[in-house]
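Worksheet: the structure to be examined is printed underneath.
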Amino acid sequence: MIYWELFLSFFQIGMFSFGGGYAALPLIEQELISVQGWITNQQFIDILTLSEMTPGPIAINAATFSGNQITGVFGGVVATIGVTLPSVIIVQLLAYFYFKYKNITMVQGIIQGLRPAVVALIASAGLTIFLTAMFGHSDWPLDLGELNYVSIVFFAIAIFLMRKFKASPIHVMIITGTLGGIVYSLI
Amino acid sequence: MEKMDNKTLYIKLFKSTFFLSMFTFGGGYVIVPLMEKKFVNELGWINEDEMLDLIALGQSSPGPIAVNTSILIGYRMAGVPGAMVTVLGTILPPLFIMTALAYIYIAVRDNAIVNNVLLGMQAGVAAIIVNVVYNMGKRIVVQKKIIPILVMIAALVAGIVYQVNILWLLLFSGIIGALTTIWKLTHEDNEVERK
């Protein structure tokens with residue numbers, strides 16, 4: 001049954017995203033695109049775009065929206081519950097031990113060990129997103145003829161604004177969205 | 001902290017987390033500091049040190065950190081029922097907003113202007129992710145510790161070139177983290193004994 005599969009997929013995503021919303025991206029990519037084939041690269045980027053544009057935790061936004069895209073309103077509810085449930089269980093267990101022993105050295109040690117791998121995983125999902133933004137897809141081989149030069153310029157502007165002026169994600173989205181609306185409509 | 005009955009406490013917990021999730025852009029890294037401000041400075045329910053511990057704990061658990069932190073605050077204030085109230089407060093706003101947005105998206109996705117705006121935003125999203133990866137990667141590299149850097153490179157190659165399942169990569173690096181911690185703990189014990 002699709003709802004049960006959806007629940008399991010998002011339960012897994014919630015269970016193994018160590019390090020906040022961005023850590024959920026490689027898992028969403030693996031589960032929803034590669035394993036289940038429920039969404040395309042293009043939809044994946046749209047999901048991320050809309051999650052950045054709206055208030056609230058990014059992983060929850062992405063879960064509700066993807067679930068909706070896959071099987072409608074109830075799918076959105078199921079995906080959201082699925083991604084949240086591991087937190088509800090694990091966090092309270094950790095909290096119980098923390099308030100009892102005031103010591104979570106081992107847990108923190110494991111998390112520190114995970115961090116470099118999580119960075120690599122986000123980088124891997126980031127590569128898919130970057131290539132899709134620049135070429136329209138991320139499948140090898142990439143043809144330079146498909147390269148979108150306007151997108152490269154927008155990308156450079158966004159990086160510049162974030163590094164130089166510490167622009168926040170929402171500002172970057174508004175600026176690149178406005179630029180896209182004007183430039184692509186003119187050419 | 002003034003005395004209040006359970007019902008008032010639950011309502012306050014729900015309202016606080018609901019409004020923070022409803023009106024805060026930028027995800028967990030922006031919401032969590034605002035939660036700290038709300039519960040430590042405005043309401044005075046949790047002291048600063050304990051809040052820092054709760055935030056560290058929220059970041060040590062899998063899942064969205066804003067959700068994790070809200071669960072911890074609810075649990076700290078009113079046990080398991082409190083945690084249920086705060087987690088609902090945090091996930092309901094995105095549930096409503098994104099469900100509505102999903103409908104709008106289907107209706108306007110093929111509109112030429114909307115399409116152009118989203119195409120422009122794709123470059124923005126790519127830049128945001130590249131920037132996040134750069135900041136996180138830099139934090140690992142500047143520590144100049146050999147094991148984390150090797151794990152990062154190995155995971156990058158395994159993930160991108162060999163498409164190894166993410167769960168294996170997490171398991172592998174988690175075990176390395178556990179071994180490093182055990183080594184550190186026993187090492188520190190030895191140092192104490194030598195003194």
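In the structure tokens, the first chain shown is A, the next is B, and so on; residue numbers restart at 1 for each chain, and ligands run from 1 in the order shown.
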
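Residues within 8 Å of range 117-126 of chain B, counting only C-alpha atoms and excluding same-chain residues fewer than 5 positions away, are Ile45, Asp46, Leu48, Thr49, Gly126, Ile129, Phe130, Ala133, Met134, Ser151, Ile152, Phe154, Phe155, Ala158, Val172, Met173, Ile174, Thr176, Gly177, Thr178, Leu179, Gly180 and Gly181 of chain A.
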
I need the chosen residues saved as a PDB file, in the first residue's frame, with N, CA and C atoms.
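For reference, result_14.pdb as written:
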```
ATOM      1  N   ILE A  45      14.345  19.559  -6.692  1.00  0.00           N
ATOM      2  CA  ILE A  45      14.793  20.948  -6.546  1.00  0.00           C
ATOM      3  C   ILE A  45      13.623  21.863  -6.218  1.00  0.00           C
ATOM      4  N   ASP A  46      12.473  21.648  -6.880  1.00  0.00           N
ATOM      5  CA  ASP A  46      11.302  22.479  -6.584  1.00  0.00           C
ATOM      6  C   ASP A  46      10.884  22.319  -5.127  1.00  0.00           C
ATOM      7  N   LEU A  48      12.779  21.547  -2.603  1.00  0.00           N
ATOM      8  CA  LEU A  48      13.747  22.262  -1.773  1.00  0.00           C
ATOM      9  C   LEU A  48      13.535  23.769  -1.876  1.00  0.00           C
ATOM     10  N   THR A  49      13.297  24.254  -3.102  1.00  0.00           N
ATOM     11  CA  THR A  49      13.064  25.686  -3.315  1.00  0.00           C
ATOM     12  C   THR A  49      11.892  26.169  -2.465  1.00  0.00           C
ATOM     13  N   GLY A 126      24.151  17.873  -2.928  1.00  0.00           N
ATOM     14  CA  GLY A 126      24.381  19.214  -3.459  1.00  0.00           C
ATOM     15  C   GLY A 126      24.849  19.165  -4.909  1.00  0.00           C
ATOM     16  N   ILE A 129      21.920  18.645  -7.125  1.00  0.00           N
ATOM     17  CA  ILE A 129      21.150  19.885  -7.224  1.00  0.00           C
ATOM     18  C   ILE A 129      21.869  20.888  -8.119  1.00  0.00           C
ATOM     19  N   PHE A 130      23.192  21.012  -7.919  1.00  0.00           N
ATOM     20  CA  PHE A 130      23.985  21.959  -8.712  1.00  0.00           C
ATOM     21  C   PHE A 130      23.926  21.606 -10.199  1.00  0.00           C
ATOM     22  N   ALA A 133      20.564  22.307 -11.712  1.00  0.00           N
ATOM     23  CA  ALA A 133      20.359  23.746 -11.907  1.00  0.00           C
ATOM     24  C   ALA A 133      21.134  24.252 -13.124  1.00  0.00           C
ATOM     25  N   MET A 134      22.308  23.669 -13.376  1.00  0.00           N
ATOM     26  CA  MET A 134      23.158  24.164 -14.466  1.00  0.00           C
ATOM     27  C   MET A 134      22.846  23.489 -15.809  1.00  0.00           C
ATOM     28  N   SER A 151      22.020  30.659 -15.584  1.00  0.00           N
ATOM     29  CA  SER A 151      22.013  30.016 -14.271  1.00  0.00           C
ATOM     30  C   SER A 151      23.366  30.157 -13.569  1.00  0.00           C
ATOM     31  N   ILE A 152      24.460  30.053 -14.344  1.00  0.00           N
ATOM     32  CA  ILE A 152      25.799  30.205 -13.761  1.00  0.00           C
ATOM     33  C   ILE A 152      25.964  31.609 -13.183  1.00  0.00           C
ATOM     34  N   PHE A 154      23.546  33.653 -12.142  1.00  0.00           N
ATOM     35  CA  PHE A 154      22.706  33.757 -10.939  1.00  0.00           C
ATOM     36  C   PHE A 154      23.387  33.074  -9.757  1.00  0.00           C
ATOM     37  N   PHE A 155      23.958  31.896 -10.034  1.00  0.00           N
ATOM     38  CA  PHE A 155      24.660  31.140  -8.997  1.00  0.00           C
ATOM     39  C   PHE A 155      25.799  31.976  -8.412  1.00  0.00           C
ATOM     40  N   ALA A 158      24.492  34.785  -6.270  1.00  0.00           N
ATOM     41  CA  ALA A 158      24.004  34.277  -4.975  1.00  0.00           C
ATOM     42  C   ALA A 158      25.168  33.972  -4.030  1.00  0.00           C
ATOM     43  N   VAL A 172      18.292  35.274  -0.749  1.00  0.00           N
ATOM     44  CA  VAL A 172      18.849  34.696  -1.982  1.00  0.00           C
ATOM     45  C   VAL A 172      17.726  34.191  -2.889  1.00  0.00           C
ATOM     46  N   MET A 173      16.720  33.538  -2.269  1.00  0.00           N
ATOM     47  CA  MET A 173      15.606  33.008  -3.071  1.00  0.00           C
ATOM     48  C   MET A 173      14.822  34.136  -3.734  1.00  0.00           C
ATOM     49  N   ILE A 174      14.551  35.203  -2.968  1.00  0.00           N
ATOM     50  CA  ILE A 174      13.782  36.326  -3.526  1.00  0.00           C
ATOM     51  C   ILE A 174      14.555  36.979  -4.681  1.00  0.00           C
ATOM     52  N   THR A 176      17.153  35.691  -6.607  1.00  0.00           N
ATOM     53  CA  THR A 176      17.315  34.859  -7.809  1.00  0.00           C
ATOM     54  C   THR A 176      15.962  34.609  -8.488  1.00  0.00           C
ATOM     55  N   GLY A 177      14.892  34.537  -7.689  1.00  0.00           N
ATOM     56  CA  GLY A 177      13.555  34.357  -8.265  1.00  0.00           C
ATOM     57  C   GLY A 177      13.150  35.552  -9.103  1.00  0.00           C
ATOM     58  N   THR A 178      13.393  36.764  -8.557  1.00  0.00           N
ATOM     59  CA  THR A 178      13.067  37.992  -9.288  1.00  0.00           C
ATOM     60  C   THR A 178      13.901  38.081 -10.565  1.00  0.00           C
ATOM     61  N   LEU A 179      15.210  37.824 -10.432  1.00  0.00           N
ATOM     62  CA  LEU A 179      16.089  37.852 -11.604  1.00  0.00           C
ATOM     63  C   LEU A 179      15.606  36.862 -12.667  1.00  0.00           C
ATOM     64  N   GLY A 180      15.238  35.651 -12.217  1.00  0.00           N
ATOM     65  CA  GLY A 180      14.748  34.625 -13.139  1.00  0.00           C
ATOM     66  C   GLY A 180      13.502  35.093 -13.862  1.00  0.00           C
ATOM     67  N   GLY A 181      12.563  35.670 -13.098  1.00  0.00           N
ATOM     68  CA  GLY A 181      11.307  36.150 -13.673  1.00  0.00           C
ATOM     69  C   GLY A 181      11.542  37.205 -14.744  1.00  0.00           C
TER      70      GLY A 181
END
```

Q: Fewer than 3 positions away in the same chain doesn't count, so skip those; otherwise give me all residues within 10 Å of Leu179 in chain B, counting only C-alpha atoms, as a list in words.
A: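 Non-adjacent residues within range: Met106, Gly109, Ile110 and Gly113 of chain A; Ser173, Gly174, Ile175, Ile176, Ile182, Trp183, Lys184 and Leu185 of chain B.
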
Same residues, all heavy atoms, saved as a PDB file, in the first residue's frame:
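Below is the file part.pdb, written as the result:
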```pdb
ATOM      1  N   MET A 106      29.028   9.392  25.099  1.00  0.00           N
ATOM      2  CA  MET A 106      29.107   8.393  24.033  1.00  0.00           C
ATOM      3  C   MET A 106      28.263   8.815  22.821  1.00  0.00           C
ATOM      4  O   MET A 106      28.721   8.736  21.684  1.00  0.00           O
ATOM      5  CB  MET A 106      28.614   7.040  24.583  1.00  0.00           C
ATOM      6  CG  MET A 106      29.014   5.865  23.742  1.00  0.00           C
ATOM      7  SD  MET A 106      30.819   5.729  23.683  1.00  0.00           S
ATOM      8  CE  MET A 106      30.976   4.777  22.217  1.00  0.00           C
ATOM      9  N   GLY A 109      29.940  11.514  21.059  1.00  0.00           N
ATOM     10  CA  GLY A 109      31.109  11.000  20.346  1.00  0.00           C
ATOM     11  C   GLY A 109      30.722  10.398  19.003  1.00  0.00           C
ATOM     12  O   GLY A 109      31.374  10.643  17.994  1.00  0.00           O
ATOM     13  N   ILE A 110      29.645   9.609  19.022  1.00  0.00           N
ATOM     14  CA  ILE A 110      29.190   8.985  17.774  1.00  0.00           C
ATOM     15  C   ILE A 110      28.749  10.068  16.780  1.00  0.00           C
ATOM     16  O   ILE A 110      29.086  10.028  15.602  1.00  0.00           O
ATOM     17  CB  ILE A 110      28.040   7.984  18.052  1.00  0.00           C
ATOM     18  CG1 ILE A 110      28.582   6.810  18.880  1.00  0.00           C
ATOM     19  CG2 ILE A 110      27.427   7.478  16.751  1.00  0.00           C
ATOM     20  CD1 ILE A 110      27.527   5.841  19.376  1.00  0.00           C
ATOM     21  N   GLY A 113      31.583  11.622  15.148  1.00  0.00           N
ATOM     22  CA  GLY A 113      32.109  10.720  14.127  1.00  0.00           C
ATOM     23  C   GLY A 113      31.276  10.781  12.852  1.00  0.00           C
ATOM     24  O   GLY A 113      31.792  10.647  11.750  1.00  0.00           O
TER      25      GLY A 113
ATOM     26  N   SER B 173      30.751   5.418   9.728  1.00  0.00           N
ATOM     27  CA  SER B 173      31.337   6.581  10.394  1.00  0.00           C
ATOM     28  C   SER B 173      30.895   6.653  11.848  1.00  0.00           C
ATOM     29  O   SER B 173      31.643   7.138  12.707  1.00  0.00           O
ATOM     30  CB  SER B 173      30.990   7.866   9.647  1.00  0.00           C
ATOM     31  OG  SER B 173      29.601   7.975   9.500  1.00  0.00           O
ATOM     32  N   GLY B 174      29.699   6.136  12.159  1.00  0.00           N
ATOM     33  CA  GLY B 174      29.244   6.094  13.553  1.00  0.00           C
ATOM     34  C   GLY B 174      30.132   5.182  14.390  1.00  0.00           C
ATOM     35  O   GLY B 174      30.481   5.503  15.533  1.00  0.00           O
ATOM     36  N   ILE B 175      30.519   4.038  13.810  1.00  0.00           N
ATOM     37  CA  ILE B 175      31.402   3.110  14.521  1.00  0.00           C
ATOM     38  C   ILE B 175      32.762   3.762  14.773  1.00  0.00           C
ATOM     39  O   ILE B 175      33.312   3.682  15.877  1.00  0.00           O
ATOM     40  CB  ILE B 175      31.574   1.790  13.719  1.00  0.00           C
ATOM     41  CG1 ILE B 175      30.250   1.009  13.740  1.00  0.00           C
ATOM     42  CG2 ILE B 175      32.701   0.932  14.294  1.00  0.00           C
ATOM     43  CD1 ILE B 175      30.218  -0.216  12.853  1.00  0.00           C
ATOM     44  N   ILE B 176      33.272   4.468  13.756  1.00  0.00           N
ATOM     45  CA  ILE B 176      34.545   5.180  13.947  1.00  0.00           C
ATOM     46  C   ILE B 176      34.417   6.210  15.068  1.00  0.00           C
ATOM     47  O   ILE B 176      35.297   6.327  15.923  1.00  0.00           O
ATOM     48  CB  ILE B 176      34.998   5.850  12.627  1.00  0.00           C
ATOM     49  CG1 ILE B 176      35.401   4.748  11.633  1.00  0.00           C
ATOM     50  CG2 ILE B 176      36.158   6.813  12.861  1.00  0.00           C
ATOM     51  CD1 ILE B 176      35.912   5.266  10.328  1.00  0.00           C
ATOM     52  N   ILE B 182      35.713   5.923  22.729  1.00  0.00           N
ATOM     53  CA  ILE B 182      36.199   4.938  23.716  1.00  0.00           C
ATOM     54  C   ILE B 182      37.692   5.128  23.944  1.00  0.00           C
ATOM     55  O   ILE B 182      38.164   5.175  25.074  1.00  0.00           O
ATOM     56  CB  ILE B 182      35.911   3.485  23.222  1.00  0.00           C
ATOM     57  CG1 ILE B 182      34.403   3.232  23.216  1.00  0.00           C
ATOM     58  CG2 ILE B 182      36.624   2.457  24.099  1.00  0.00           C
ATOM     59  CD1 ILE B 182      33.995   1.959  22.498  1.00  0.00           C
ATOM     60  N   TRP B 183      38.419   5.307  22.846  1.00  0.00           N
ATOM     61  CA  TRP B 183      39.866   5.506  22.942  1.00  0.00           C
ATOM     62  C   TRP B 183      40.173   6.737  23.786  1.00  0.00           C
ATOM     63  O   TRP B 183      40.999   6.717  24.682  1.00  0.00           O
ATOM     64  CB  TRP B 183      40.466   5.663  21.541  1.00  0.00           C
ATOM     65  CG  TRP B 183      41.956   5.679  21.556  1.00  0.00           C
ATOM     66  CD1 TRP B 183      42.783   4.606  21.605  1.00  0.00           C
ATOM     67  CD2 TRP B 183      42.807   6.833  21.540  1.00  0.00           C
ATOM     68  NE1 TRP B 183      44.099   5.014  21.611  1.00  0.00           N
ATOM     69  CE2 TRP B 183      44.131   6.371  21.581  1.00  0.00           C
ATOM     70  CE3 TRP B 183      42.560   8.216  21.505  1.00  0.00           C
ATOM     71  CZ2 TRP B 183      45.230   7.249  21.579  1.00  0.00           C
ATOM     72  CZ3 TRP B 183      43.643   9.087  21.505  1.00  0.00           C
ATOM     73  CH2 TRP B 183      44.971   8.608  21.550  1.00  0.00           C
ATOM     74  N   LYS B 184      39.457   7.836  23.490  1.00  0.00           N
ATOM     75  CA  LYS B 184      39.663   9.092  24.230  1.00  0.00           C
ATOM     76  C   LYS B 184      39.377   8.902  25.715  1.00  0.00           C
ATOM     77  O   LYS B 184      40.134   9.344  26.575  1.00  0.00           O
ATOM     78  CB  LYS B 184      38.732  10.167  23.672  1.00  0.00           C
ATOM     79  CG  LYS B 184      39.429  11.178  22.782  1.00  0.00           C
ATOM     80  CD  LYS B 184      38.489  12.340  22.532  1.00  0.00           C
ATOM     81  CE  LYS B 184      38.484  12.727  21.070  1.00  0.00           C
ATOM     82  NZ  LYS B 184      37.231  13.358  20.661  1.00  0.00           N
ATOM     83  N   LEU B 185      38.241   8.237  26.029  1.00  0.00           N
ATOM     84  CA  LEU B 185      37.831   8.050  27.430  1.00  0.00           C
ATOM     85  C   LEU B 185      38.870   7.238  28.192  1.00  0.00           C
ATOM     86  O   LEU B 185      39.275   7.616  29.295  1.00  0.00           O
ATOM     87  CB  LEU B 185      36.459   7.367  27.502  1.00  0.00           C
ATOM     88  CG  LEU B 185      35.267   8.220  27.071  1.00  0.00           C
ATOM     89  CD1 LEU B 185      33.993   7.392  27.081  1.00  0.00           C
ATOM     90  CD2 LEU B 185      35.112   9.442  27.978  1.00  0.00           C
TER      91      LEU B 185
END
```

Do you know which residues are at most 8 Å from Phe16 in chain A counting only C-alpha atoms, after dropping those on the same chain fewer than 6 positions away, and could you put them as a PDB file with N, CA, C and O atoms, in the first residue's frame?
```
ATOM      1  N   ALA A  24      18.823  15.687   5.734  1.00  0.00           N
ATOM      2  CA  ALA A  24      17.738  14.855   5.192  1.00  0.00           C
ATOM      3  C   ALA A  24      17.772  14.811   3.664  1.00  0.00           C
ATOM      4  O   ALA A  24      17.231  13.883   3.059  1.00  0.00           O
ATOM      5  N   LEU A  27      19.146  11.666   1.943  1.00  0.00           N
ATOM      6  CA  LEU A  27      18.227  10.556   2.190  1.00  0.00           C
ATOM      7  C   LEU A  27      16.967  10.685   1.343  1.00  0.00           C
ATOM      8  O   LEU A  27      16.456   9.694   0.807  1.00  0.00           O
TER       9      LEU A  27
ATOM     10  N   PRO B  62      18.802  12.251  15.692  1.00  0.00           N
ATOM     11  CA  PRO B  62      18.434  12.348  14.282  1.00  0.00           C
ATOM     12  C   PRO B  62      17.150  13.155  14.131  1.00  0.00           C
ATOM     13  O   PRO B  62      16.410  13.306  15.096  1.00  0.00           O
ATOM     14  N   GLY B  63      16.889  13.640  12.922  1.00  0.00           N
ATOM     15  CA  GLY B  63      15.657  14.386  12.666  1.00  0.00           C
ATOM     16  C   GLY B  63      15.879  15.882  12.636  1.00  0.00           C
ATOM     17  O   GLY B  63      16.981  16.349  12.945  1.00  0.00           O
ATOM     18  N   LEU B 167      22.968   4.520   4.403  1.00  0.00           N
ATOM     19  CA  LEU B 167      22.902   3.919   5.738  1.00  0.00           C
ATOM     20  C   LEU B 167      24.213   3.207   6.098  1.00  0.00           C
ATOM     21  O   LEU B 167      24.650   3.258   7.243  1.00  0.00           O
TER      22      LEU B 167
END
```

Against range 35-41 of chain A, which residues of range 131-181 of chain B fall within 12 Å? For each one I want the closest pair of atoms and the distance in Å (one decimal), counting only C-alpha atoms, rows by chain and increasing residue number, as CSV.
```
residue,atom,partner,partner_atom,distance
B:Gln163,CA,A:Val35,CA,12.0
B:Asn165,CA,A:Val35,CA,10.4
B:Ile166,CA,A:Val35,CA,11.9
```

Q | Point-to-point distance in Å for CA of Gly21 in chain A and CA of Ile11 in chain B | A |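 Rounded to one decimal, the two atoms are 27.1 Å apart.
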
Q | Residue neighbourhood Phe18 in chain B, 12 Å, only C-alpha atoms, exclusion window fewer than 3 positions, as a PyMOL selection string | A | (chain A and resi 55-57) or (chain B and resi 10-15+21-24+31+35+66-67+70+85-96)

Any chance you could export the current selection's N, CA, C and O atoms as a short mmCIF file (atom, residue, chain, number, x, y, z; two decimals), in the first residue's frame?
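What follows is the written file again_35.cif:
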```
data_model
loop_
_atom_site.label_atom_id
_atom_site.label_comp_id
_atom_site.auth_asym_id
_atom_site.auth_seq_id
_atom_site.Cartn_x
_atom_site.Cartn_y
_atom_site.Cartn_z
N PRO A 55 8.05 29.44 5.89
CA PRO A 55 8.52 29.34 7.27
C PRO A 55 8.47 27.90 7.76
O PRO A 55 7.88 27.04 7.10
N GLY A 56 9.09 27.65 8.92
CA GLY A 56 9.06 26.31 9.52
C GLY A 56 10.29 25.50 9.22
O GLY A 56 11.11 25.88 8.39
N PRO A 57 10.45 24.35 9.92
CA PRO A 57 11.62 23.48 9.73
C PRO A 57 11.64 22.95 8.29
O PRO A 57 10.62 22.48 7.79
N TYR B 10 0.03 23.70 28.94
CA TYR B 10 -0.06 23.09 27.60
C TYR B 10 -0.38 24.14 26.54
O TYR B 10 0.22 24.16 25.47
N ILE B 11 -1.36 25.00 26.86
CA ILE B 11 -1.76 26.01 25.88
C ILE B 11 -0.59 26.95 25.57
O ILE B 11 -0.30 27.25 24.42
N LYS B 12 0.14 27.33 26.62
CA LYS B 12 1.28 28.24 26.41
C LYS B 12 2.37 27.56 25.58
O LYS B 12 2.98 28.17 24.70
N LEU B 13 2.63 26.28 25.89
CA LEU B 13 3.65 25.53 25.15
C LEU B 13 3.26 25.43 23.68
O LEU B 13 4.07 25.64 22.78
N PHE B 14 1.97 25.12 23.44
CA PHE B 14 1.50 24.96 22.07
C PHE B 14 1.61 26.28 21.31
O PHE B 14 2.16 26.33 20.22
N LYS B 15 1.09 27.34 21.94
CA LYS B 15 1.10 28.65 21.29
C LYS B 15 2.52 29.09 20.93
O LYS B 15 2.78 29.54 19.83
N SER B 21 7.12 28.34 14.69
CA SER B 21 7.21 27.56 13.45
C SER B 21 6.48 28.26 12.30
O SER B 21 6.88 28.20 11.15
N MET B 22 5.40 28.95 12.65
CA MET B 22 4.54 29.61 11.66
C MET B 22 5.21 30.81 11.01
O MET B 22 5.01 31.08 9.84
N PHE B 23 5.99 31.55 11.78
CA PHE B 23 6.48 32.83 11.27
C PHE B 23 7.99 32.92 11.12
O PHE B 23 8.52 33.99 10.87
N THR B 24 8.70 31.79 11.30
CA THR B 24 10.15 31.88 11.19
C THR B 24 10.65 31.25 9.89
O THR B 24 10.45 30.06 9.66
N ILE B 31 15.16 28.92 13.93
CA ILE B 31 14.09 28.69 14.91
C ILE B 31 14.65 28.41 16.30
O ILE B 31 14.17 28.96 17.30
N MET B 35 13.71 29.97 19.92
CA MET B 35 13.12 29.19 21.02
C MET B 35 13.85 29.51 22.31
O MET B 35 13.24 29.68 23.37
N ALA B 66 14.79 21.65 14.83
CA ALA B 66 13.74 22.47 15.43
C ALA B 66 12.69 21.58 16.10
O ALA B 66 12.21 21.87 17.19
N VAL B 67 12.36 20.46 15.46
CA VAL B 67 11.42 19.51 16.02
C VAL B 67 12.03 18.89 17.29
O VAL B 67 11.39 18.83 18.35
N SER B 70 12.06 21.33 20.17
CA SER B 70 10.72 21.59 20.71
C SER B 70 10.26 20.41 21.57
O SER B 70 9.65 20.60 22.62
N VAL B 85 2.54 17.99 22.89
CA VAL B 85 1.97 19.31 22.61
C VAL B 85 2.95 20.15 21.78
O VAL B 85 2.58 20.74 20.77
N THR B 86 4.23 20.18 22.17
CA THR B 86 5.18 21.04 21.45
C THR B 86 5.49 20.50 20.06
O THR B 86 5.69 21.27 19.13
N VAL B 87 5.54 19.16 19.91
CA VAL B 87 5.83 18.63 18.57
C VAL B 87 4.66 18.96 17.63
O VAL B 87 4.87 19.34 16.46
N LEU B 88 3.44 18.88 18.13
CA LEU B 88 2.29 19.27 17.30
C LEU B 88 2.36 20.75 16.92
O LEU B 88 2.13 21.12 15.77
N GLY B 89 2.68 21.56 17.91
CA GLY B 89 2.81 23.00 17.65
C GLY B 89 3.82 23.30 16.56
O GLY B 89 3.63 24.20 15.74
N THR B 90 4.90 22.51 16.52
CA THR B 90 5.95 22.76 15.54
C THR B 90 5.60 22.23 14.15
O THR B 90 5.93 22.86 13.15
N ILE B 91 4.92 21.07 14.07
CA ILE B 91 4.68 20.52 12.73
C ILE B 91 3.37 20.96 12.07
O ILE B 91 3.24 20.88 10.86
N LEU B 92 2.40 21.44 12.87
CA LEU B 92 1.13 21.83 12.25
C LEU B 92 1.24 23.01 11.27
O LEU B 92 0.68 22.92 10.17
N PRO B 93 1.98 24.09 11.60
CA PRO B 93 2.05 25.19 10.62
C PRO B 93 2.60 24.75 9.26
O PRO B 93 1.96 25.00 8.24
N PRO B 94 3.77 24.04 9.21
CA PRO B 94 4.23 23.59 7.89
C PRO B 94 3.24 22.66 7.21
O PRO B 94 3.09 22.71 5.98
N LEU B 95 2.55 21.84 8.00
CA LEU B 95 1.58 20.91 7.42
C LEU B 95 0.48 21.68 6.68
O LEU B 95 0.14 21.36 5.54
N PHE B 96 -0.05 22.72 7.31
CA PHE B 96 -1.08 23.54 6.66
C PHE B 96 -0.51 24.30 5.47
O PHE B 96 -1.06 24.26 4.36
#
```

Q) Which one is closest to Val78 in chain A: A:Glu31, A:Glu5, A:Glu52, A:Asp139? Count only C-alpha atoms. A)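 The shortest atom-to-atom distance to Val78 in chain A comes from A:Glu5.
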
Q | For Gly74 in chain B, the nearest of the candidates B:Thr180, B:Asn116, B:Ser16, B:Thr186, counting only C-alpha atoms | A | B:Ser16

Q: Determine, counting only C-alpha atoms, which protein, DNA and RNA residues have an atom within 12 Å of an atom of Gln112 in chain A; residues of the same chain fewer than 5 positions away are not included. Present the result as an NGL selection string.
A: (:A and (18-19 or 105-107 or 117-119)) or (:B and (56 or 59-61 or 139-140 or 147-148 or 151-152 or 170 or 173-181))

Q: Enumerate the residues of range 1-184 of chain B with a DSSP assignment of alpha helix (DSSP H), computed from the backbone, and present them as a count of residues only.
A: 148

Q. In Å, with one decimal, what is the gap from CA of Ser9 in chain A to CA of Thr128 in chain A?
A. 20.1 Å

Q. Which residue gives the smallest distance to chain A among B:Ala102, B:Ala158, B:Val108, B:Leu52, with only C-alpha atoms counted?
A. B:Ala102

Q: Find the residues near Leu127 in chain A: any atom within 9 Å, counting only C-alpha atoms, skip ones fewer than 4 places away on the same chain, and give them as JSON, numbers by chain.
A: {"A": [122, 123, 131, 132, 138], "B": [126, 129, 130, 160]}

Q: Measure the distance from CA of Val88 in chain A to CA of Phe11 in chain A in Å and round it to one decimal.
A: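 We find that CA of Val88 in chain A and CA of Phe11 in chain A lie 11.2 Å from each other.
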
Closest pair table for range 56-84 of chain B residues within 9 Å of range 37-51 of chain B, only C-alpha atoms, as JSON lines:
```
{"residue": "B:Ala56", "atom": "CA", "partner": "B:Met51", "partner_atom": "CA", "distance": 8.6}
{"residue": "B:Ile73", "atom": "CA", "partner": "B:Phe39", "partner_atom": "CA", "distance": 8.4}
{"residue": "B:Arg76", "atom": "CA", "partner": "B:Ile46", "partner_atom": "CA", "distance": 8.6}
{"residue": "B:Met77", "atom": "CA", "partner": "B:Trp45", "partner_atom": "CA", "distance": 7.9}
```

Selected residues written out, C-alpha atoms, as a compact mmCIF listing (two decimals), in the first residue's frame:
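File produced: part.txt:
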```txt
# COMPACT_ATOMS: atom_id res chain seq x y z
CA ALA B 56 23.18 20.16 22.18
CA ILE B 73 11.42 21.75 25.78
CA ARG B 76 11.40 19.27 30.24
CA MET B 77 8.31 21.35 31.11
```

Q: Identify, on the basis of only C-alpha atoms, every residue whose closest approach to Tyr75 in chain B does not exceed 10 Å; exclude the query and any residue fewer than 5 positions from it along the same chain; express the result as a list in words.
A: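 My list of contacting residues is Val91, Gln92, Ala95 and Tyr96 of chain A; Thr69, Ser70, Val80, Pro81, Gly82, Ala83, Met84, Val85 and Thr86 of chain B.
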
Would you write out those residues with N, CA and C atoms, as a compact mmCIF listing (two decimals), in the first residue's frame?
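Saved to again11.txt:
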```
# COMPACT_ATOMS: atom_id res chain seq x y z
N VAL A 91 14.38 11.25 20.72
CA VAL A 91 14.71 12.44 21.52
C VAL A 91 14.26 12.25 22.97
N GLN A 92 13.05 11.66 23.15
CA GLN A 92 12.58 11.49 24.54
C GLN A 92 13.40 10.44 25.28
N ALA A 95 16.49 12.23 26.20
CA ALA A 95 16.19 13.19 27.26
C ALA A 95 16.07 12.48 28.60
N TYR A 96 15.44 11.30 28.58
CA TYR A 96 15.28 10.52 29.80
C TYR A 96 16.65 10.19 30.40
N THR B 69 14.37 20.03 19.30
CA THR B 69 14.47 20.98 20.40
C THR B 69 13.10 21.25 21.00
N SER B 70 12.06 21.33 20.17
CA SER B 70 10.72 21.59 20.71
C SER B 70 10.26 20.41 21.57
N VAL B 80 6.06 13.57 28.92
CA VAL B 80 5.65 13.07 27.60
C VAL B 80 4.47 13.87 27.01
N PRO B 81 3.41 14.17 27.79
CA PRO B 81 2.31 14.97 27.20
C PRO B 81 2.80 16.33 26.72
N GLY B 82 3.71 16.94 27.46
CA GLY B 82 4.27 18.23 27.05
C GLY B 82 4.98 18.12 25.72
N ALA B 83 5.75 17.03 25.55
CA ALA B 83 6.47 16.81 24.29
C ALA B 83 5.50 16.66 23.13
N MET B 84 4.37 15.97 23.38
CA MET B 84 3.37 15.78 22.32
C MET B 84 2.79 17.13 21.90
N VAL B 85 2.54 17.99 22.89
CA VAL B 85 1.97 19.31 22.61
C VAL B 85 2.95 20.15 21.78
N THR B 86 4.23 20.18 22.17
CA THR B 86 5.18 21.04 21.45
C THR B 86 5.49 20.50 20.06
```
